[in-house]
Amino acid sequence: MRLGMVGLGRMGGNLARRLMRDGHETVVFDVAEAAVSALESEGAEGSRSIEELVAKLQTPRVVWLMIPAGLTGKVVDQVADELEPGDIIIDGGNSNYRDDVRRAAGLRERGIHYVDVGTSGGVFGLERGYCLMVGGPDEAVSVIEPILKTIAPGPGEIPRTPGREGDYAPEEQGYLHCGPSGAGHYVKMVHNGIEYGIMAALAEGLNILDNADAGIRESEHSAEIAPLEEPEFYQFTVDTPKVTELWRRGSVISSWLLDLTAAALEENPTLDGLAGRVSDSGEGRWTIKAAVDTGVPVPVLAAALFERFASRGEDHYANQLLSAMRLQFGGHKELPAGDMLEAGSRKADSETA
């Protein structure tokens, strides 16, 4: 099949490579000339503009966009101006599903199909394949199914779910038509919200293990910090990187995210160079909003999102106010930054003493 790929970053470039490996003719464009040249050297047909890319396609034209969500609306408009009724625009980025619904409605009036594809797989997708969550009209999804089959992982070595028989269904091959335009990114949005929760749970649990030697380190006391009760029960120096490796084998919490955590700790056991400021790209926020709108309780996902805000210092003003209130009602003064008894600093200070 012949298609155009706009956006050749880590994801877009590897999507194009995976398609070419399976024999699809791929026309590519990116504002970075070097990215286009790199794909050309691997067999893609390069373009220096969106107009040129569209001109090199055959009807029904299929143009896949793999660009940041903030640019998608503008680029969709640029591509649509070059298309004709029956052509297809695919947004494979992390757009808000609400934008998909609006864009699809506008393009439908012009006879252009809009398909949203939530794409998960990260930098490993070139070899592993990408999990694809698809939203759009049946007619358009049918046309692009050969592309979806190539990009998706396929059945792989994962055992079939008990009760499933016969030919492999699309979801068993790693792609699924989830519903009309917007449904694909809606499912991907929730996927990423869950991802936040799993990551937070692993990080918090491993942090408890990393502090299992608190009873060994506890030696001073202050009226401003509650003392450790029964320090004799916190005398364990746990090798956290080894535990993550252990849990990969036979544990009920084994997962790809745990695999990546073990790899990270093997490469950098003390996490040097990481400040712990955790970004959020939007999907977690949209997940919480959808939960509020539909009245679905999601305390774990919400806490994981707010924890990311706190990691970036967004709770600083609130914490200042807490200290101010304690000073007002009880004369409690803050401990100096870096104090041996300051919450969260004792381990680091004791290890460097």
# chains A, B, ... in the order shown; residues from 1 in each chain; ligands from 1
>>> select_by_dssp(residues="range 70-245 of chain A", states="strand (DSSP E or B)", output="list in words")
Ile88, Ile89, Ile90, Asp91, His113, Tyr114, Val115, Asp116, Val117, Gly118, Thr119, Ser120, Cys131, Leu132, Met133, Val134, Gly135, Tyr175, Leu176, His177, Cys178, Gly179, Ser222 and Ile225 of chain A
>>> residues_around(residues="Lys188 in chain A", least_positions_apart="5", cutoff="9 Å", atoms="only C-alpha atoms", output="PyMOL selection string")
chain A and resi 94+117-120+132-133+183+193+283
>>> write_last_selection(atoms="all heavy atoms", output="mmCIF file, in the first residue's frame")
data_model
loop_
_atom_site.group_PDB
_atom_site.id
_atom_site.type_symbol
_atom_site.label_atom_id
_atom_site.label_comp_id
_atom_site.auth_asym_id
_atom_site.auth_seq_id
_atom_site.Cartn_x
_atom_site.Cartn_y
_atom_site.Cartn_z
ATOM 1 N N ASN A 94 -0.808 12.029 20.037
ATOM 2 C CA ASN A 94 -1.580 11.975 21.285
ATOM 3 C C ASN A 94 -2.538 13.159 21.389
ATOM 4 O O ASN A 94 -2.530 13.921 22.357
ATOM 5 C CB ASN A 94 -0.642 11.953 22.499
ATOM 6 C CG ASN A 94 -0.101 10.569 22.779
ATOM 7 O OD1 ASN A 94 -0.745 9.561 22.474
ATOM 8 N ND2 ASN A 94 1.077 10.501 23.354
ATOM 9 N N VAL A 117 -5.607 7.357 15.627
ATOM 10 C CA VAL A 117 -4.960 6.110 16.030
ATOM 11 C C VAL A 117 -4.082 6.370 17.252
ATOM 12 O O VAL A 117 -3.010 6.978 17.138
ATOM 13 C CB VAL A 117 -4.103 5.522 14.890
ATOM 14 C CG1 VAL A 117 -3.421 4.231 15.357
ATOM 15 C CG2 VAL A 117 -4.958 5.237 13.660
ATOM 16 N N GLY A 118 -4.546 5.941 18.407
ATOM 17 C CA GLY A 118 -3.705 5.988 19.594
ATOM 18 C C GLY A 118 -2.603 4.952 19.435
ATOM 19 O O GLY A 118 -2.877 3.777 19.211
ATOM 20 N N THR A 119 -1.361 5.387 19.547
ATOM 21 C CA THR A 119 -0.217 4.540 19.221
ATOM 22 C C THR A 119 0.673 4.378 20.438
ATOM 23 O O THR A 119 1.196 5.356 20.971
ATOM 24 C CB THR A 119 0.600 5.166 18.072
ATOM 25 O OG1 THR A 119 -0.275 5.461 16.982
ATOM 26 C CG2 THR A 119 1.696 4.227 17.603
ATOM 27 N N SER A 120 0.846 3.142 20.893
ATOM 28 C CA SER A 120 1.689 2.865 22.053
ATOM 29 C C SER A 120 2.789 1.890 21.659
ATOM 30 O O SER A 120 2.551 0.926 20.937
ATOM 31 C CB SER A 120 0.850 2.270 23.189
ATOM 32 O OG SER A 120 1.661 2.004 24.325
ATOM 33 N N LEU A 132 -2.206 -0.417 18.598
ATOM 34 C CA LEU A 132 -2.950 0.620 17.890
ATOM 35 C C LEU A 132 -4.418 0.636 18.310
ATOM 36 O O LEU A 132 -5.118 -0.372 18.194
ATOM 37 C CB LEU A 132 -2.852 0.395 16.380
ATOM 38 C CG LEU A 132 -1.435 0.322 15.806
ATOM 39 C CD1 LEU A 132 -1.489 -0.033 14.325
ATOM 40 C CD2 LEU A 132 -0.692 1.634 16.023
ATOM 41 N N MET A 133 -4.878 1.781 18.781
ATOM 42 C CA MET A 133 -6.257 1.982 19.189
ATOM 43 C C MET A 133 -6.893 2.939 18.178
ATOM 44 O O MET A 133 -6.516 4.114 18.133
ATOM 45 C CB MET A 133 -6.288 2.546 20.603
ATOM 46 C CG MET A 133 -5.766 1.560 21.650
ATOM 47 S SD MET A 133 -4.812 2.291 23.028
ATOM 48 C CE MET A 133 -3.134 2.234 22.357
ATOM 49 N N ALA A 183 -12.762 7.754 19.244
ATOM 50 C CA ALA A 183 -12.739 6.591 20.132
ATOM 51 C C ALA A 183 -11.331 6.049 20.331
ATOM 52 O O ALA A 183 -10.981 5.574 21.421
ATOM 53 C CB ALA A 183 -13.648 5.493 19.588
ATOM 54 N N GLY A 193 -3.532 7.137 31.287
ATOM 55 C CA GLY A 193 -3.895 7.382 32.679
ATOM 56 C C GLY A 193 -3.554 6.193 33.550
ATOM 57 O O GLY A 193 -3.029 6.343 34.666
ATOM 58 N N GLU A 283 -2.532 13.481 28.693
ATOM 59 C CA GLU A 283 -3.521 12.402 28.701
ATOM 60 C C GLU A 283 -4.032 12.078 30.093
ATOM 61 O O GLU A 283 -5.195 11.725 30.280
ATOM 62 C CB GLU A 283 -2.937 11.133 28.061
ATOM 63 C CG GLU A 283 -2.543 11.284 26.615
ATOM 64 C CD GLU A 283 -1.107 11.740 26.462
ATOM 65 O OE1 GLU A 283 -0.537 12.309 27.419
ATOM 66 O OE2 GLU A 283 -0.538 11.525 25.374
#
>>> closest_atom_pairs(of="range 136-221 of chain A", to="range 57-76 of chain A", cutoff="10 Å", atoms="only C-alpha atoms", output="Markdown table")
| residue | atom | partner | partner_atom | distance |
| --- | --- | --- | --- | --- |
| A:Ala140 | CA | A:Val62 | CA | 9.4 |
| A:Val143 | CA | A:Pro60 | CA | 8.6 |
| A:Ile144 | CA | A:Val62 | CA | 7.9 |
>>> closest_residue(among="A:Arg18, A:Arg277, A:Lys56, A:Arg164", to="Lys149 in chain A", atoms="only C-alpha atoms")
A:Arg18
>>> closest_residue(among="A:Asp100, A:Asp239, A:Asp272, A:Glu84", to="Leu206 in chain A", atoms="only C-alpha atoms")
A:Asp239
>>> atom_distance(atom1="CA of Asn268 in chain A", atom2="CA of Val238 in chain A")
16.3 Å
>>> select_by_dssp(residues="range 64-152 of chain A", states="helix (DSSP H, G or I)", output="VMD selection string")
chain A and resid 69 to 80 97 to 108 122 to 128 138 to 151
>>> write_last_selection(atoms="N, CA and C atoms", output="compact mmCIF listing (two decimals), in the first residue's frame")
# COMPACT_ATOMS: atom_id res chain seq x y z
N ALA A 69 0.73 17.19 19.53
CA ALA A 69 -0.70 17.53 19.54
C ALA A 69 -0.95 19.01 19.31
N GLY A 70 -0.05 19.86 19.78
CA GLY A 70 -0.25 21.29 19.63
C GLY A 70 -0.18 21.78 18.19
N LEU A 71 0.42 20.99 17.32
CA LEU A 71 0.54 21.36 15.90
C LEU A 71 -0.47 20.66 15.01
N THR A 72 -1.16 19.67 15.56
CA THR A 72 -1.99 18.80 14.72
C THR A 72 -3.08 19.56 13.97
N GLY A 73 -3.79 20.45 14.66
CA GLY A 73 -4.89 21.16 14.01
C GLY A 73 -4.44 21.92 12.78
N LYS A 74 -3.33 22.65 12.91
CA LYS A 74 -2.79 23.43 11.79
C LYS A 74 -2.40 22.53 10.63
N VAL A 75 -1.72 21.43 10.93
CA VAL A 75 -1.25 20.54 9.86
C VAL A 75 -2.41 19.78 9.22
N VAL A 76 -3.40 19.40 10.01
CA VAL A 76 -4.59 18.76 9.44
C VAL A 76 -5.22 19.67 8.40
N ASP A 77 -5.33 20.95 8.73
CA ASP A 77 -5.91 21.91 7.78
C ASP A 77 -5.07 22.00 6.51
N GLN A 78 -3.75 22.02 6.67
CA GLN A 78 -2.87 22.11 5.51
C GLN A 78 -3.02 20.89 4.60
N VAL A 79 -3.06 19.72 5.22
CA VAL A 79 -3.20 18.48 4.44
C VAL A 79 -4.57 18.43 3.77
N ALA A 80 -5.60 18.76 4.52
CA ALA A 80 -6.97 18.67 3.99
C ALA A 80 -7.15 19.56 2.77
N TYR A 97 -9.09 13.57 22.35
CA TYR A 97 -10.16 12.96 21.57
C TYR A 97 -11.27 13.96 21.23
N ARG A 98 -11.43 15.00 22.05
CA ARG A 98 -12.43 16.01 21.75
C ARG A 98 -12.08 16.75 20.46
N ASP A 99 -10.79 17.00 20.26
CA ASP A 99 -10.36 17.62 19.01
C ASP A 99 -10.64 16.72 17.83
N ASP A 100 -10.48 15.40 18.01
CA ASP A 100 -10.79 14.45 16.94
C ASP A 100 -12.24 14.55 16.51
N VAL A 101 -13.12 14.60 17.50
CA VAL A 101 -14.55 14.66 17.20
C VAL A 101 -14.88 15.91 16.38
N ARG A 102 -14.31 17.03 16.80
CA ARG A 102 -14.55 18.28 16.07
C ARG A 102 -13.94 18.25 14.67
N ARG A 103 -12.71 17.78 14.56
CA ARG A 103 -12.06 17.75 13.25
C ARG A 103 -12.78 16.80 12.30
N ALA A 104 -13.17 15.65 12.80
CA ALA A 104 -13.84 14.68 11.95
C ALA A 104 -15.15 15.26 11.40
N ALA A 105 -15.86 16.00 12.24
CA ALA A 105 -17.13 16.58 11.79
C ALA A 105 -16.89 17.59 10.68
N GLY A 106 -15.85 18.42 10.82
CA GLY A 106 -15.57 19.40 9.80
C GLY A 106 -15.12 18.78 8.49
N LEU A 107 -14.28 17.75 8.59
CA LEU A 107 -13.77 17.10 7.38
C LEU A 107 -14.85 16.26 6.69
N ARG A 108 -15.78 15.75 7.50
CA ARG A 108 -16.86 14.94 6.93
C ARG A 108 -17.68 15.76 5.94
N GLY A 122 6.41 3.27 21.99
CA GLY A 122 7.63 4.03 22.28
C GLY A 122 8.78 3.71 21.34
N VAL A 123 9.99 3.86 21.85
CA VAL A 123 11.18 3.67 21.02
C VAL A 123 11.42 2.22 20.66
N PHE A 124 10.69 1.30 21.29
CA PHE A 124 10.87 -0.12 21.01
C PHE A 124 9.94 -0.63 19.92
N GLY A 125 9.06 0.25 19.42
CA GLY A 125 8.03 -0.18 18.50
C GLY A 125 8.53 -0.68 17.16
N LEU A 126 9.68 -0.18 16.71
CA LEU A 126 10.20 -0.61 15.41
C LEU A 126 10.35 -2.13 15.36
N GLU A 127 10.87 -2.70 16.42
CA GLU A 127 11.08 -4.15 16.46
C GLU A 127 9.89 -4.90 17.06
N ARG A 128 9.31 -4.36 18.11
CA ARG A 128 8.22 -5.04 18.81
C ARG A 128 6.87 -4.87 18.13
N ASP A 138 -16.06 3.16 9.39
CA ASP A 138 -15.75 1.80 8.96
C ASP A 138 -15.06 1.78 7.59
N GLU A 139 -15.56 2.59 6.67
CA GLU A 139 -15.04 2.60 5.31
C GLU A 139 -13.55 2.93 5.29
N ALA A 140 -13.17 3.95 6.04
CA ALA A 140 -11.76 4.38 6.07
C ALA A 140 -10.88 3.35 6.77
N VAL A 141 -11.35 2.81 7.88
CA VAL A 141 -10.56 1.83 8.63
C VAL A 141 -10.33 0.59 7.78
N SER A 142 -11.31 0.20 6.99
CA SER A 142 -11.15 -0.94 6.10
C SER A 142 -10.04 -0.70 5.08
N VAL A 143 -9.96 0.53 4.56
CA VAL A 143 -8.93 0.86 3.58
C VAL A 143 -7.54 0.76 4.18
N ILE A 144 -7.37 1.24 5.41
CA ILE A 144 -6.03 1.30 6.00
C ILE A 144 -5.67 0.06 6.80
N GLU A 145 -6.52 -0.95 6.83
CA GLU A 145 -6.23 -2.13 7.64
C GLU A 145 -4.90 -2.79 7.30
N PRO A 146 -4.48 -2.86 6.02
CA PRO A 146 -3.16 -3.43 5.75
C PRO A 146 -2.03 -2.69 6.46
N ILE A 147 -2.17 -1.38 6.59
CA ILE A 147 -1.16 -0.59 7.32
C ILE A 147 -1.18 -0.97 8.79
N LEU A 148 -2.38 -1.06 9.36
CA LEU A 148 -2.51 -1.38 10.78
C LEU A 148 -1.90 -2.74 11.09
N LYS A 149 -2.14 -3.71 10.22
CA LYS A 149 -1.60 -5.05 10.45
C LYS A 149 -0.09 -5.05 10.45
N THR A 150 0.51 -4.24 9.58
CA THR A 150 1.97 -4.17 9.52
C THR A 150 2.55 -3.50 10.75
N ILE A 151 1.94 -2.41 11.18
CA ILE A 151 2.49 -1.65 12.31
C ILE A 151 2.28 -2.38 13.63
>>> closest_atom_pairs(of="range 180-233 of chain A", to="range 291-302 of chain A", cutoff="10 Å", atoms="only C-alpha atoms", output="CSV")
residue,atom,partner,partner_atom,distance
A:Val190,CA,A:Leu301,CA,9.6
A:Asn192,CA,A:Leu301,CA,9.8
A:Gly193,CA,A:Leu301,CA,6.1
A:Ile194,CA,A:Leu301,CA,6.5
A:Glu195,CA,A:Leu301,CA,8.7
A:Tyr196,CA,A:Leu301,CA,6.7
A:Gly197,CA,A:Leu301,CA,5.1
A:Ile198,CA,A:Leu301,CA,8.8
A:Ala200,CA,A:Leu301,CA,9.1
A:Ala201,CA,A:Val300,CA,9.0
>>> write_last_selection(atoms="N, CA, C and O atoms", output="mmCIF file, in the first residue's frame")
data_model
loop_
_atom_site.group_PDB
_atom_site.id
_atom_site.type_symbol
_atom_site.label_atom_id
_atom_site.label_comp_id
_atom_site.auth_asym_id
_atom_site.auth_seq_id
_atom_site.Cartn_x
_atom_site.Cartn_y
_atom_site.Cartn_z
ATOM 1 N N VAL A 190 -7.100 6.813 28.235
ATOM 2 C CA VAL A 190 -7.271 6.030 29.458
ATOM 3 C C VAL A 190 -6.070 5.103 29.660
ATOM 4 O O VAL A 190 -5.606 4.895 30.795
ATOM 5 N N ASN A 192 -3.020 5.750 28.934
ATOM 6 C CA ASN A 192 -1.943 6.540 29.524
ATOM 7 C C ASN A 192 -2.247 6.921 30.971
ATOM 8 O O ASN A 192 -1.339 7.015 31.797
ATOM 9 N N GLY A 193 -3.532 7.137 31.287
ATOM 10 C CA GLY A 193 -3.895 7.382 32.679
ATOM 11 C C GLY A 193 -3.554 6.193 33.550
ATOM 12 O O GLY A 193 -3.029 6.343 34.666
ATOM 13 N N ILE A 194 -3.838 4.996 33.056
ATOM 14 C CA ILE A 194 -3.479 3.768 33.782
ATOM 15 C C ILE A 194 -1.964 3.657 33.922
ATOM 16 O O ILE A 194 -1.439 3.267 34.976
ATOM 17 N N GLU A 195 -1.272 4.022 32.850
ATOM 18 C CA GLU A 195 0.199 4.001 32.870
ATOM 19 C C GLU A 195 0.732 4.870 34.007
ATOM 20 O O GLU A 195 1.655 4.476 34.726
ATOM 21 N N TYR A 196 0.142 6.058 34.188
ATOM 22 C CA TYR A 196 0.560 6.931 35.290
ATOM 23 C C TYR A 196 0.425 6.195 36.628
ATOM 24 O O TYR A 196 1.309 6.266 37.481
ATOM 25 N N GLY A 197 -0.721 5.519 36.800
ATOM 26 C CA GLY A 197 -0.975 4.835 38.062
ATOM 27 C C GLY A 197 -0.005 3.696 38.319
ATOM 28 O O GLY A 197 0.495 3.532 39.441
ATOM 29 N N ILE A 198 0.272 2.891 37.295
ATOM 30 C CA ILE A 198 1.200 1.767 37.457
ATOM 31 C C ILE A 198 2.600 2.278 37.775
ATOM 32 O O ILE A 198 3.283 1.756 38.670
ATOM 33 N N ALA A 200 3.444 5.098 39.149
ATOM 34 C CA ALA A 200 3.474 5.660 40.498
ATOM 35 C C ALA A 200 3.524 4.556 41.548
ATOM 36 O O ALA A 200 4.247 4.666 42.544
ATOM 37 N N ALA A 201 2.770 3.483 41.337
ATOM 38 C CA ALA A 201 2.752 2.388 42.303
ATOM 39 C C ALA A 201 4.135 1.731 42.406
ATOM 40 O O ALA A 201 4.625 1.444 43.513
#
>>> residues_around(residues="range 43-51 of chain A", least_positions_apart="6", cutoff="7 Å", atoms="only C-alpha atoms", output="list in words")
Thr26, Val27, Val28, Phe29, Val36, Val79 and Glu82 of chain A
>>> atom_distance(atom1="CA of Gly182 in chain A", atom2="CA of Pro170 in chain A")
18.8 Å
>>> residues_around(residues="Gly156 in chain A", least_positions_apart="6", cutoff="12 Å", atoms="only C-alpha atoms", output="ChimeraX atom specification")
/A:127-129,168,172-174
>>> write_last_selection(atoms="N, CA, C and O atoms", output="tab-separated table (two decimals), in the first residue's frame")
chain	number	residue	atom	x	y	z
A	127	GLU	N	10.87	-2.70	16.42
A	127	GLU	CA	11.08	-4.15	16.46
A	127	GLU	C	9.89	-4.90	17.06
A	127	GLU	O	9.49	-5.95	16.57
A	128	ARG	N	9.31	-4.36	18.11
A	128	ARG	CA	8.22	-5.04	18.81
A	128	ARG	C	6.87	-4.87	18.13
A	128	ARG	O	5.99	-5.71	18.27
A	129	GLY	N	6.72	-3.77	17.40
A	129	GLY	CA	5.42	-3.40	16.87
A	129	GLY	C	4.72	-2.44	17.82
A	129	GLY	O	5.13	-2.26	18.97
A	168	TYR	N	-7.13	-15.38	14.41
A	168	TYR	CA	-6.81	-14.33	15.37
A	168	TYR	C	-7.64	-13.08	15.05
A	168	TYR	O	-7.67	-12.61	13.91
A	172	GLU	N	-6.21	-9.40	19.01
A	172	GLU	CA	-5.17	-10.36	19.34
A	172	GLU	C	-3.90	-10.10	18.53
A	172	GLU	O	-2.83	-10.61	18.87
A	173	GLN	N	-4.03	-9.30	17.48
A	173	GLN	CA	-2.88	-8.97	16.65
A	173	GLN	C	-2.29	-7.61	17.01
A	173	GLN	O	-1.27	-7.20	16.47
A	174	GLY	N	-2.96	-6.90	17.93
A	174	GLY	CA	-2.40	-5.64	18.42
A	174	GLY	C	-3.02	-4.39	17.85
A	174	GLY	O	-2.46	-3.30	18.00
